[in-house]
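*Asks:* Quick one, model02.pdb (PDB, C-alpha atoms and all ligand atoms):
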ATOM      1  CA  MET A 183     105.079 148.778  37.316  1.00  0.00           C
ATOM      2  CA  PRO A 184     106.693 151.288  39.664  1.00  0.00           C
ATOM      3  CA  LYS A 185     104.671 152.109  42.738  1.00  0.00           C
ATOM      4  CA  LEU A 186     103.720 155.742  42.438  1.00  0.00           C
ATOM      5  CA  CYS A 187     101.367 157.780  44.517  1.00  0.00           C
ATOM      6  CA  SER A 188      98.393 159.226  42.612  1.00  0.00           C
ATOM      7  CA  PHE A 189      99.102 162.644  44.112  1.00  0.00           C
ATOM      8  CA  GLY A 190     102.413 162.680  42.301  1.00  0.00           C
ATOM      9  CA  CYS A 191     104.701 162.400  45.283  1.00  0.00           C
ATOM     10  CA  ALA A 192     107.359 159.742  45.526  1.00  0.00           C
ATOM     11  CA  PRO A 193     106.650 157.506  48.479  1.00  0.00           C
ATOM     12  CA  ASN A 194     109.906 157.232  50.357  1.00  0.00           C
ATOM     13  CA  GLY A 195     109.624 154.141  52.427  1.00  0.00           C
ATOM     14  CA  SER A 196     106.157 154.878  53.740  1.00  0.00           C
ATOM     15  CA  SER A 197     103.445 152.351  53.108  1.00  0.00           C
ATOM     16  CA  ILE A 198     101.184 152.747  50.139  1.00  0.00           C
ATOM     17  CA  HIS A 199      97.504 151.918  49.814  1.00  0.00           C
ATOM     18  CA  PHE A 200      95.377 150.698  46.963  1.00  0.00           C
ATOM     19  CA  PHE A 201      92.197 152.582  46.162  1.00  0.00           C
ATOM     20  CA  PRO A 202      89.114 151.229  47.960  1.00  0.00           C
ATOM     21  CA  ASN A 203      87.243 148.414  46.298  1.00  0.00           C
ATOM     22  CA  ALA A 204      84.914 150.082  43.770  1.00  0.00           C
ATOM     23  CA  PHE A 205      82.222 147.468  44.312  1.00  0.00           C
ATOM     24  CA  LYS A 206      82.307 147.315  48.089  1.00  0.00           C
ATOM     25  CA  PHE A 207      82.920 151.000  48.735  1.00  0.00           C
ATOM     26  CA  PRO A 208      81.763 152.897  45.615  1.00  0.00           C
ATOM     27  CA  GLU A 209      81.303 156.261  47.372  1.00  0.00           C
ATOM     28  CA  CYS A 210      84.716 156.046  48.950  1.00  0.00           C
ATOM     29  CA  PHE A 211      86.300 154.977  45.682  1.00  0.00           C
ATOM     30  CA  LYS A 212      84.714 157.925  43.867  1.00  0.00           C
ATOM     31  CA  ALA A 213      85.904 160.324  46.540  1.00  0.00           C
ATOM     32  CA  TRP A 214      89.500 159.124  46.131  1.00  0.00           C
ATOM     33  CA  VAL A 215      89.334 159.414  42.336  1.00  0.00           C
ATOM     34  CA  THR A 216      87.889 162.931  42.595  1.00  0.00           C
ATOM     35  CA  LEU A 217      90.605 163.955  45.031  1.00  0.00           C
ATOM     36  CA  VAL A 218      93.376 162.894  42.669  1.00  0.00           C
ATOM     37  CA  GLY A 219      91.664 164.850  39.874  1.00  0.00           C
ATOM     38  CA  GLY A 220      90.369 161.853  37.978  1.00  0.00           C
ATOM     39  CA  LYS A 221      86.960 161.031  36.612  1.00  0.00           C
ATOM     40  CA  LEU A 222      84.950 157.867  36.167  1.00  0.00           C
ATOM     41  CA  GLU A 223      83.278 157.764  32.795  1.00  0.00           C
ATOM     42  CA  SER A 224      83.740 154.214  31.636  1.00  0.00           C
ATOM     43  CA  ALA A 225      84.479 150.750  32.907  1.00  0.00           C
ATOM     44  CA  SER A 226      88.122 151.167  31.964  1.00  0.00           C
ATOM     45  CA  ASP A 227      88.339 154.240  34.222  1.00  0.00           C
ATOM     46  CA  TYR A 228      87.237 152.068  37.121  1.00  0.00           C
ATOM     47  CA  GLU A 229      89.791 149.443  36.154  1.00  0.00           C
ATOM     48  CA  TYR A 230      92.512 152.080  35.864  1.00  0.00           C
ATOM     49  CA  TYR A 231      91.930 153.632  39.262  1.00  0.00           C
ATOM     50  CA  GLN A 232      91.404 150.291  40.948  1.00  0.00           C
ATOM     51  CA  LYS A 233      95.106 149.696  40.322  1.00  0.00           C
ATOM     52  CA  LYS A 234      96.222 153.110  41.516  1.00  0.00           C
ATOM     53  CA  LEU A 235      97.881 153.803  44.825  1.00  0.00           C
ATOM     54  CA  ILE A 236      98.033 156.547  47.419  1.00  0.00           C
ATOM     55  CA  CYS A 237     100.841 156.722  49.930  1.00  0.00           C
ATOM     56  CA  ASP A 238     100.422 156.769  53.648  1.00  0.00           C
ATOM     57  CA  ILE A 239     101.279 160.430  54.291  1.00  0.00           C
ATOM     58  CA  HIS A 240      97.876 161.567  53.037  1.00  0.00           C
ATOM     59  CA  PHE A 241      96.027 159.941  55.897  1.00  0.00           C
ATOM     60  CA  THR A 242      95.522 161.134  59.448  1.00  0.00           C
ATOM     61  CA  PRO A 243      95.967 158.819  62.444  1.00  0.00           C
ATOM     62  CA  GLU A 244      92.157 158.736  62.685  1.00  0.00           C
ATOM     63  CA  ASP A 245      92.037 157.102  59.265  1.00  0.00           C
ATOM     64  CA  ARG A 246      93.980 154.095  60.497  1.00  0.00           C
ATOM     65  CA  VAL A 247      93.356 150.990  62.487  1.00  0.00           C
ATOM     66  CA  GLN A 248      96.056 148.815  63.999  1.00  0.00           C
ATOM     67  CA  ASN A 249      98.981 147.613  61.841  1.00  0.00           C
ATOM     68  CA  ASN A 250      98.799 150.882  59.852  1.00  0.00           C
ATOM     69  CA  ARG A 251      95.902 149.565  57.800  1.00  0.00           C
ATOM     70  CA  LEU A 252      93.296 152.052  56.664  1.00  0.00           C
ATOM     71  CA  LYS A 253      89.738 152.114  57.844  1.00  0.00           C
ATOM     72  CA  ALA A 254      87.216 151.034  55.221  1.00  0.00           C
ATOM     73  CA  TYR A 255      85.963 154.592  54.755  1.00  0.00           C
ATOM     74  CA  ALA A 256      89.245 156.467  55.105  1.00  0.00           C
ATOM     75  CA  ILE A 257      89.568 159.445  52.751  1.00  0.00           C
ATOM     76  CA  PRO A 258      92.950 161.043  52.025  1.00  0.00           C
ATOM     77  CA  SER A 259      93.014 164.541  53.525  1.00  0.00           C
ATOM     78  CA  LEU A 260      96.653 165.606  53.991  1.00  0.00           C
ATOM     79  CA  TYR A 261      99.115 167.056  51.454  1.00  0.00           C
ATOM     80  CA  LEU A 262      96.559 166.660  48.687  1.00  0.00           C
ATOM     81  CA  HIS A 263      98.219 169.071  46.307  1.00  0.00           C
ATOM     82  CA  GLU A 264     101.752 170.244  46.328  1.00  0.00           C
ATOM     83  CA  THR A 265     101.191 173.972  46.224  1.00  0.00           C
ATOM     84  CA  PRO A 266     103.612 176.610  47.570  1.00  0.00           C
ATOM     85  CA  ASN A 267     100.924 178.353  49.595  1.00  0.00           C
ATOM     86  CA  ASN A 268      98.328 176.749  51.762  1.00  0.00           C
ATOM     87  CA  SER A 269      95.564 175.429  49.573  1.00  0.00           C
ATOM     88  CA  PRO A 270      92.029 175.449  50.896  1.00  0.00           C
ATOM     89  CA  VAL A 271      90.932 172.313  52.640  1.00  0.00           C
ATOM     90  CA  HIS A 272      89.004 170.042  50.331  1.00  0.00           C
ATOM     91  CA  GLU A 273      85.378 169.288  50.923  1.00  0.00           C
ATOM     92  CA  VAL A 274      84.105 165.768  50.785  1.00  0.00           C
ATOM     93  CA  ASP A 275      80.588 165.082  49.611  1.00  0.00           C
ATOM     94  CA  CYS A 276      79.370 163.824  52.953  1.00  0.00           C
ATOM     95  CA  ASN A 277      79.740 167.332  54.421  1.00  0.00           C
ATOM     96  CA  ILE A 278      76.835 168.351  52.223  1.00  0.00           C
ATOM     97  CA  HIS A 279      74.711 165.625  53.716  1.00  0.00           C
ATOM     98  CA  PHE A 280      75.592 166.772  57.210  1.00  0.00           C
ATOM     99  CA  ASP A 281      74.573 170.329  56.336  1.00  0.00           C
ATOM    100  CA  LEU A 282      71.336 169.086  54.863  1.00  0.00           C
ATOM    101  CA  SER A 283      70.410 167.042  57.880  1.00  0.00           C
ATOM    102  CA  ASP A 284      71.229 170.029  60.103  1.00  0.00           C
ATOM    103  CA  LEU A 285      68.814 172.120  58.090  1.00  0.00           C
ATOM    104  CA  LEU A 286      66.144 169.453  58.306  1.00  0.00           C
ATOM    105  CA  LEU A 287      66.710 169.170  62.019  1.00  0.00           C
ATOM    106  CA  SER A 288      66.347 172.901  62.615  1.00  0.00           C
ATOM    107  CA  ALA A 289      63.233 172.975  60.457  1.00  0.00           C
ATOM    108  CA  LEU A 290      61.850 170.149  62.519  1.00  0.00           C
ATOM    109  CA  LEU A 291      62.708 171.890  65.789  1.00  0.00           C
ATOM    110  CA  LEU A 292      61.116 175.131  64.585  1.00  0.00           C
ATOM    111  CA  SER A 293      57.919 173.398  63.598  1.00  0.00           C
ATOM    112  CA  THR A 294      57.525 171.810  67.023  1.00  0.00           C
ATOM    113  CA  ILE A 295      57.827 175.115  68.918  1.00  0.00           C
TER     114      ILE A 295
HETATM  115 ZN    ZN A 301     101.539 160.505  48.087  1.00  0.00          ZN
END
Take the structure I supplied and represent it as structure tokens, if you would.

*Replies:*
Amino acid sequence: MPKLCSFGCAPNGSSIHFFPNAFKFPECFKAWVTLVGGKLESASDYEYYQKKLICDIHFTPEDRVQNNRLKAYAIPSLYLHETPNNSPVHEVDCNIHFDLSDLLLSALLLSTI
């Protein structure tokens, strides 16, 4: 099986990473699948994406630990789609949680004044 990046680019010599373990890091795994435009509807979808790869260029230095390995919760964020113009930056689910907790926090602060 040729090693191909799920974003459709041809990895030229850069390292390539398997998708996160769907059992250990389900949220992370789902985020990767969503980013490559896939969906998880059956067990075979999980199996399929568990074998997929994403090359190293999609990760920022902050996503890595030593030896170029990825952090457990690294999410690809660079060159996600090869579009001629600048595509909008993707939003990962956890941003919503941050917004929510901000709202809760301000509500809490307001109620204590
Ligand atoms: Zn790639």

*Asks:* Have a look at A:Ala254, A:Val247, A:Val218, A:Cys237 and name the one nearest to ligand ZN 301 (chain A); count only C-alpha atoms and all ligand atoms.

*Replies:*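 Of the candidates, the smallest distance to ligand ZN 301 (chain A) is held by A:Cys237.
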
*Asks:* From the list A:Leu235, A:Leu252, A:Cys191, A:Leu217, which residue is nearest ligand ZN 301 (chain A) when using all atoms listed in the file?

*Replies:*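 Closest residue, counting all atoms listed in the file: A:Cys191.
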
*Asks:* Provide the atom CA of A:Ala192 to atom CA of A:Tyr261 distance in Å, to one decimal place.

*Replies:*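 Between atom CA of A:Ala192 and atom CA of A:Tyr261 the gap is 12.5 Å.
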
*Asks:* Ligand ZN 301 (chain A): which residues are within 10 Å, counting only C-alpha atoms and all ligand atoms, as a ChimeraX atom specification?

*Replies:* /A:186-194,196-199,235-241,258,260-264

*Asks:* Can you pull out the residues contacting stretch 201-209 of chain A? Cut-off 9 Å, using all atoms listed in the file, and skip same-chain residues under 2 positions away; I want them as a CSV table (one decimal) with C-alpha atoms, in the frame of the given file.

*Replies:*
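Result saved to around.csv:
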chain,number,residue,atom,x,y,z
A,199,HIS,CA,97.5,151.9,49.8
A,211,PHE,CA,86.3,155.0,45.7
A,212,LYS,CA,84.7,157.9,43.9
A,213,ALA,CA,85.9,160.3,46.5
A,214,TRP,CA,89.5,159.1,46.1
A,215,VAL,CA,89.3,159.4,42.3
A,228,TYR,CA,87.2,152.1,37.1
A,231,TYR,CA,91.9,153.6,39.3
A,232,GLN,CA,91.4,150.3,40.9
A,233,LYS,CA,95.1,149.7,40.3
A,234,LYS,CA,96.2,153.1,41.5
A,235,LEU,CA,97.9,153.8,44.8
A,236,ILE,CA,98.0,156.5,47.4
A,254,ALA,CA,87.2,151.0,55.2
A,255,TYR,CA,86.0,154.6,54.8
A,256,ALA,CA,89.2,156.5,55.1
